[in-house]
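To keep things clear, I will list the structure first and then write my remarks on it.
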Amino acid sequence: MRWWSVANFVSNAGTWMQLTVQNLLVLQITGSAAATGLSMSVQAAPALLMSLLGGAAVDRWPRKLTATVSQALLGAIAFVTALLVVLGRLDMTSLLVLAAVTGIVATVDGPACALLGNDLVPPEDIPSAIGVGALVHSAGRLVGAALAGVTVGFVGTAAAYAANGVSFLFVASVVPFLRPAPGATRSSPSTPSSRKPVRKGTERRATGSDMTVRQGLAFFARRPRLVALAAVTGISAVFGRNYGLTLAVLVTGPLAGGAETFGTVSTVLAVGGILGAVLGARLRRPSVRLVGTLAAAGALLQVAAGLSPSVAVLLVLVLPMAVVESVSDTAGTAVLQTDPPAHLRGRVLGVWGSVGTVWSLGGPPALGLLMELAGARGALVVGGLVIATTIGAGFALRSRRTTTVALRTEEDGLPNRATLGTAA
C-alpha cells in the first residue's frame, strides 16, 4: 500500500502538471478560451457512455494486468503528445483526438486503479485506504500545478507531457510487485467475493453472461442506498462544490478582491481538502446518512460564505467547507466501492462514472446561469438552501417510511427487527 500510494502521488502530480500545461497550450494554439473548455469536455465526454463498458472490462479482466496496460497506454499517449510538440506538429485537431483517446482509456483505468488499491488491504481498512488515496490526490494536485509553471518556464511544454508519461510508466512498473496485506480479500474477475454478504438465493458464479453492463445498471437501480448517494452527490455537484467558479466571482466582485486574494482562498480550500482527507481516512463505518449529513452541513456553510461581509470572514468559512466536502467525498466513495459484491464493483463504478460525467458537464453551465440571475452571493445562498432543504426532506421521508413499516409490523403481530433491517 505504501508503494501504491507513492506511485499514485507521482501519477497525480504528473497528471495535474499536464492538465495545467494543456490549457496553456490550447490557448497558445488557438487564443480562445472556448477552445480550452472544448478540449476539457472532449476528454471528459467518453466517460458519459464508455464508463459502462470500462467498468464491465474491469470486472472481466485481471485487475493488475488491466491497471498495468491502461497506465502504459496513458503514458504512451503523453509521450506522443510531447513528440508532436517538439516537432511543431501539434494542432487543435490532433490535440482533441489525443484528449478523446485519453478519456476512453481513463474509463478503464479509473475503476481498475481504484479497486486495485482496495484489494491491498483488509475489508475493514478500505475506508482508510480511500482516505489515503484522497490525501495523495490532493497533495499530487498541489505539487503538479506548482511544477507545471516551473517546468514550462525552464524546460518547455513538451517536458510536462514527457514527465507525465514517465509518471504513468512508474505506476505500471510498480503494479506487478504489489502484494496484498494479510487479511485482504483476494478478488477474482470470475467469482464473487466470499467476504461480501449476499442475500440467500442470489449468490452465484459470475460467468460470462453475468459480465454485462445491464447487470451493473440493474444492481445500481435496485439499490436504494446507491440511488440516494447519487442524488445527494448530484444535487451537491450542481448547486455547490464548484467553488472555483462561485468563489472566484464572489472574491473579485462583491468582495472587491483580486487574483492574489482568490489565490489565497484557493490555497485554503486545498489545505482544507488535505485535512478532510486525513479525517476521512479514520472512517470505519461510512454510510449514506453520514454523506448526506456532511453535504447538508457544507451547504449551510456555503450559505454563510455567500453572506460573508469580507474576505477575512470568507477565509474562516472556506476551511471547514473544504474539510466537510473532503470527508463527505471519502465516505461516499467508500460506500460506492464496498456496497456492491466484488464481482460487480467495476460495473457499478462504471455507472457512477457515467452519472458523474453528466454532473460535471451540466453543473457548471447551470450554476453559471444561476449566477447570471442571482449574482455570486445569490447563487451561493440559493444553492446552499436547495441542497440542505432537499437532503432534509429526504431524511424526513426515509424516517416516515421506516416508522410506517414499524407500525404495520407491530399491528400484524410480527417480529419487527428483521423487517426494519430489510427496510433500512
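Just remember, in the C-alpha cells the first chain shown is A, the second B, etc., residues are 1-based per chain, and ligands are 1-based in the order shown.
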Neighbour list for region 240-242 of chain A as an NGL selection string, cut-off 9 Å, only C-alpha atoms, skip fewer than 5 positions in-chain: :A and (235 or 247 or 298-299 or 302 or 325 or 363-364 or 367 or 379-380 or 383-384 or 387)
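The residue set within 8 Å of Met1 (chain A), counting only C-alpha atoms and dropping same-chain residues fewer than 4 places from it, reads Ser5, Gly117, Leu120, Val121, Leu178 and Pro180 of chain A.
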Can you list, as a short mmCIF file (atom, residue, chain, number, x, y, z; two decimals) with N, CA and C atoms, in the first residue's frame, every protein, DNA or RNA residue that comes within 10 Å of Ala159 (chain A) when you count only C-alpha atoms, leaving out same-chain residues fewer than 2 positions away?
data_model
loop_
_atom_site.label_atom_id
_atom_site.label_comp_id
_atom_site.auth_asym_id
_atom_site.auth_seq_id
_atom_site.Cartn_x
_atom_site.Cartn_y
_atom_site.Cartn_z
N GLN A 18 0.26 18.04 -16.50
CA GLN A 18 -0.16 18.02 -17.90
C GLN A 18 -1.45 18.79 -18.12
N VAL A 21 -0.70 22.48 -18.12
CA VAL A 21 0.02 22.88 -19.33
C VAL A 21 -0.87 22.77 -20.56
N PHE A 79 3.63 10.60 -24.23
CA PHE A 79 4.89 10.70 -24.98
C PHE A 79 4.64 11.12 -26.43
N ALA A 82 4.05 14.81 -26.41
CA ALA A 82 5.32 15.53 -26.21
C ALA A 82 6.13 15.57 -27.50
N LEU A 83 6.16 14.44 -28.24
CA LEU A 83 6.91 14.39 -29.50
C LEU A 83 6.32 15.34 -30.53
N VAL A 85 4.71 18.07 -29.92
CA VAL A 85 5.04 19.43 -29.52
C VAL A 85 6.47 19.78 -29.93
N VAL A 86 7.40 18.85 -29.70
CA VAL A 86 8.81 19.09 -30.05
C VAL A 86 8.97 19.30 -31.55
N ALA A 148 4.06 22.65 -12.89
CA ALA A 148 3.75 22.97 -14.29
C ALA A 148 4.40 24.27 -14.72
N THR A 151 8.25 23.87 -14.85
CA THR A 151 8.68 23.03 -15.97
C THR A 151 8.59 23.78 -17.30
N VAL A 152 7.46 24.44 -17.54
CA VAL A 152 7.29 25.19 -18.78
C VAL A 152 8.30 26.33 -18.87
N PHE A 154 11.34 26.62 -17.53
CA PHE A 154 12.76 26.26 -17.64
C PHE A 154 13.04 25.23 -18.74
N VAL A 155 12.09 24.33 -19.02
CA VAL A 155 12.37 23.24 -19.95
C VAL A 155 11.48 23.32 -21.19
N GLY A 156 10.22 23.71 -21.02
CA GLY A 156 9.32 23.79 -22.15
C GLY A 156 8.07 22.94 -21.97
N THR A 157 7.09 23.17 -22.83
CA THR A 157 5.79 22.49 -22.72
C THR A 157 5.92 20.98 -22.90
N TYR A 161 4.54 17.05 -20.67
CA TYR A 161 3.90 15.84 -21.17
C TYR A 161 4.82 14.63 -20.98
N ALA A 162 6.10 14.82 -21.23
CA ALA A 162 7.05 13.72 -21.05
C ALA A 162 7.12 13.28 -19.59
N ALA A 163 7.11 14.25 -18.68
CA ALA A 163 7.14 13.93 -17.25
C ALA A 163 5.90 13.14 -16.85
N ASN A 164 4.75 13.51 -17.41
CA ASN A 164 3.53 12.76 -17.12
C ASN A 164 3.62 11.34 -17.68
N GLY A 165 4.21 11.20 -18.85
CA GLY A 165 4.41 9.87 -19.41
C GLY A 165 5.29 9.00 -18.51
#
Residues near Gly273 (chain A), anyone? I mean within 7 Å using only C-alpha atoms, not counting same-chain ones fewer than 2 positions away, as a ChimeraX atom specification. /A:138,269-271,275-277,322-323,326
Enter the distance from CA of Ala312 (chain A) to CA of Val382 (chain A), in Å, rounded to one decimal.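 Computing the Euclidean distance for CA of Ala312 (chain A) and CA of Val382 (chain A) yields 22.1 Å.
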Could you give me, as a ChimeraX atom specification, the residues within 10 Å of Leu65 (chain A), counting only C-alpha atoms and dropping anything in the same chain fewer than 4 positions from it? /A:58,61,69-71,112,172,175-176
To one decimal place, how far is CA of Leu300 (chain A) from CA of Gly234 (chain A) in Å? 16.8 Å
Determine the nearest neighbour of Val171 (chain A) from the options A:Gly394, A:Gly14, A:Pro341, A:Pro320, counting only C-alpha atoms.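 Of all the options, A:Gly14 lies closest to Val171 (chain A).
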Report the distance between CA of Ser308 (chain A) and CA of Val238 (chain A) in Å, rounded to one decimal place. 21.4 Å
List as a PyMOL selection string the protein and nucleic acid residues near Ala231 (chain A), meaning an atom at most 10 Å away when only C-alpha atoms are counted, but skip any in the same chain fewer than 3 places from it. chain A and resi 225-228+234-237+292+390-391+394
Can you write out the residues you just picked, keeping all heavy atoms, as a PDB file, in the first residue's frame?
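Result file result-v5.pdb:
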ATOM      1  N   ARG A 225     -29.735   2.665  -1.440  1.00  0.00           N
ATOM      2  CA  ARG A 225     -28.678   3.498  -0.853  1.00  0.00           C
ATOM      3  C   ARG A 225     -27.752   4.064  -1.928  1.00  0.00           C
ATOM      4  O   ARG A 225     -27.237   5.185  -1.794  1.00  0.00           O
ATOM      5  CB  ARG A 225     -27.903   2.712   0.201  1.00  0.00           C
ATOM      6  CG  ARG A 225     -27.091   1.548  -0.300  1.00  0.00           C
ATOM      7  CD  ARG A 225     -26.726   0.594   0.845  1.00  0.00           C
ATOM      8  NE  ARG A 225     -26.217   1.290   1.994  1.00  0.00           N
ATOM      9  CZ  ARG A 225     -24.948   1.220   2.411  1.00  0.00           C
ATOM     10  NH1 ARG A 225     -24.073   0.502   1.728  1.00  0.00           N
ATOM     11  NH2 ARG A 225     -24.553   1.854   3.484  1.00  0.00           N
ATOM     12  N   LEU A 226     -27.527   3.335  -3.021  1.00  0.00           N
ATOM     13  CA  LEU A 226     -26.711   3.870  -4.101  1.00  0.00           C
ATOM     14  C   LEU A 226     -27.459   4.959  -4.862  1.00  0.00           C
ATOM     15  O   LEU A 226     -26.864   5.966  -5.274  1.00  0.00           O
ATOM     16  CB  LEU A 226     -26.294   2.745  -5.053  1.00  0.00           C
ATOM     17  CG  LEU A 226     -25.341   1.686  -4.484  1.00  0.00           C
ATOM     18  CD1 LEU A 226     -24.976   0.673  -5.563  1.00  0.00           C
ATOM     19  CD2 LEU A 226     -24.087   2.336  -3.908  1.00  0.00           C
ATOM     20  N   VAL A 227     -28.761   4.772  -5.058  1.00  0.00           N
ATOM     21  CA  VAL A 227     -29.565   5.812  -5.710  1.00  0.00           C
ATOM     22  C   VAL A 227     -29.589   7.069  -4.847  1.00  0.00           C
ATOM     23  O   VAL A 227     -29.461   8.197  -5.350  1.00  0.00           O
ATOM     24  CB  VAL A 227     -30.999   5.299  -5.965  1.00  0.00           C
ATOM     25  CG1 VAL A 227     -31.875   6.421  -6.520  1.00  0.00           C
ATOM     26  CG2 VAL A 227     -30.977   4.127  -6.949  1.00  0.00           C
ATOM     27  N   ALA A 228     -29.733   6.892  -3.521  1.00  0.00           N
ATOM     28  CA  ALA A 228     -29.723   8.038  -2.617  1.00  0.00           C
ATOM     29  C   ALA A 228     -28.369   8.729  -2.633  1.00  0.00           C
ATOM     30  O   ALA A 228     -28.285   9.969  -2.628  1.00  0.00           O
ATOM     31  CB  ALA A 228     -30.063   7.578  -1.194  1.00  0.00           C
ATOM     32  N   GLY A 234     -25.276  14.341  -6.661  1.00  0.00           N
ATOM     33  CA  GLY A 234     -25.675  15.102  -7.842  1.00  0.00           C
ATOM     34  C   GLY A 234     -26.142  16.505  -7.510  1.00  0.00           C
ATOM     35  O   GLY A 234     -25.711  17.484  -8.127  1.00  0.00           O
ATOM     36  N   ILE A 235     -27.018  16.625  -6.510  1.00  0.00           N
ATOM     37  CA  ILE A 235     -27.536  17.953  -6.179  1.00  0.00           C
ATOM     38  C   ILE A 235     -26.439  18.826  -5.577  1.00  0.00           C
ATOM     39  O   ILE A 235     -26.398  20.042  -5.783  1.00  0.00           O
ATOM     40  CB  ILE A 235     -28.750  17.843  -5.228  1.00  0.00           C
ATOM     41  CG1 ILE A 235     -29.487  19.180  -5.194  1.00  0.00           C
ATOM     42  CG2 ILE A 235     -28.329  17.422  -3.817  1.00  0.00           C
ATOM     43  CD1 ILE A 235     -30.831  19.079  -4.502  1.00  0.00           C
ATOM     44  N   SER A 236     -25.489  18.188  -4.873  1.00  0.00           N
ATOM     45  CA  SER A 236     -24.361  18.945  -4.332  1.00  0.00           C
ATOM     46  C   SER A 236     -23.447  19.423  -5.459  1.00  0.00           C
ATOM     47  O   SER A 236     -22.887  20.524  -5.392  1.00  0.00           O
ATOM     48  CB  SER A 236     -23.567  18.080  -3.351  1.00  0.00           C
ATOM     49  OG  SER A 236     -24.365  17.705  -2.249  1.00  0.00           O
ATOM     50  N   ALA A 237     -23.287  18.583  -6.486  1.00  0.00           N
ATOM     51  CA  ALA A 237     -22.415  18.951  -7.600  1.00  0.00           C
ATOM     52  C   ALA A 237     -23.000  20.082  -8.431  1.00  0.00           C
ATOM     53  O   ALA A 237     -22.267  20.928  -8.947  1.00  0.00           O
ATOM     54  CB  ALA A 237     -22.164  17.726  -8.483  1.00  0.00           C
ATOM     55  N   GLY A 292     -24.937  12.399   3.517  1.00  0.00           N
ATOM     56  CA  GLY A 292     -25.984  13.414   3.432  1.00  0.00           C
ATOM     57  C   GLY A 292     -25.861  14.462   4.522  1.00  0.00           C
ATOM     58  O   GLY A 292     -26.042  15.664   4.271  1.00  0.00           O
ATOM     59  N   THR A 390     -33.305  19.863   0.299  1.00  0.00           N
ATOM     60  CA  THR A 390     -33.554  18.591  -0.375  1.00  0.00           C
ATOM     61  C   THR A 390     -33.084  17.413   0.476  1.00  0.00           C
ATOM     62  O   THR A 390     -33.788  16.408   0.616  1.00  0.00           O
ATOM     63  CB  THR A 390     -32.844  18.562  -1.738  1.00  0.00           C
ATOM     64  OG1 THR A 390     -33.274  19.678  -2.521  1.00  0.00           O
ATOM     65  CG2 THR A 390     -33.140  17.271  -2.481  1.00  0.00           C
ATOM     66  N   ILE A 391     -31.898  17.532   1.046  1.00  0.00           N
ATOM     67  CA  ILE A 391     -31.383  16.443   1.881  1.00  0.00           C
ATOM     68  C   ILE A 391     -32.239  16.285   3.135  1.00  0.00           C
ATOM     69  O   ILE A 391     -32.554  15.163   3.555  1.00  0.00           O
ATOM     70  CB  ILE A 391     -29.911  16.707   2.245  1.00  0.00           C
ATOM     71  CG1 ILE A 391     -29.045  16.619   0.986  1.00  0.00           C
ATOM     72  CG2 ILE A 391     -29.419  15.709   3.293  1.00  0.00           C
ATOM     73  CD1 ILE A 391     -27.596  16.994   1.207  1.00  0.00           C
ATOM     74  N   GLY A 394     -35.313  14.471   2.240  1.00  0.00           N
ATOM     75  CA  GLY A 394     -35.029  13.053   2.045  1.00  0.00           C
ATOM     76  C   GLY A 394     -34.922  12.303   3.364  1.00  0.00           C
ATOM     77  O   GLY A 394     -35.454  11.193   3.506  1.00  0.00           O
TER      78      GLY A 394
END
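Here the question is which of A:Ser167, A:Leu115, A:Gln22, A:Val6 gets nearest to His137 (chain A) using only C-alpha atoms, and that residue is A:Val6.
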Near Thr93 (chain A), within 12 Å and counting only C-alpha atoms, which residues show up once chain neighbours fewer than 4 positions away are dropped, as a PyMOL selection string? chain A and resi 26+29-30+35+38-39+42+89+97-100
Minimum-distance residue to Arg214 (chain A), chosen among A:Val351, A:Ala47, A:Leu25, A:Ala374 (using only C-alpha atoms): A:Val351
Could you give me the residues within region 63-285 of chain A that DSSP places in alpha helix (DSSP H), as a PyMOL selection string? chain A and resi 63-87+92-118+126-154+157-174+213-222+224-239+243-252+259-280
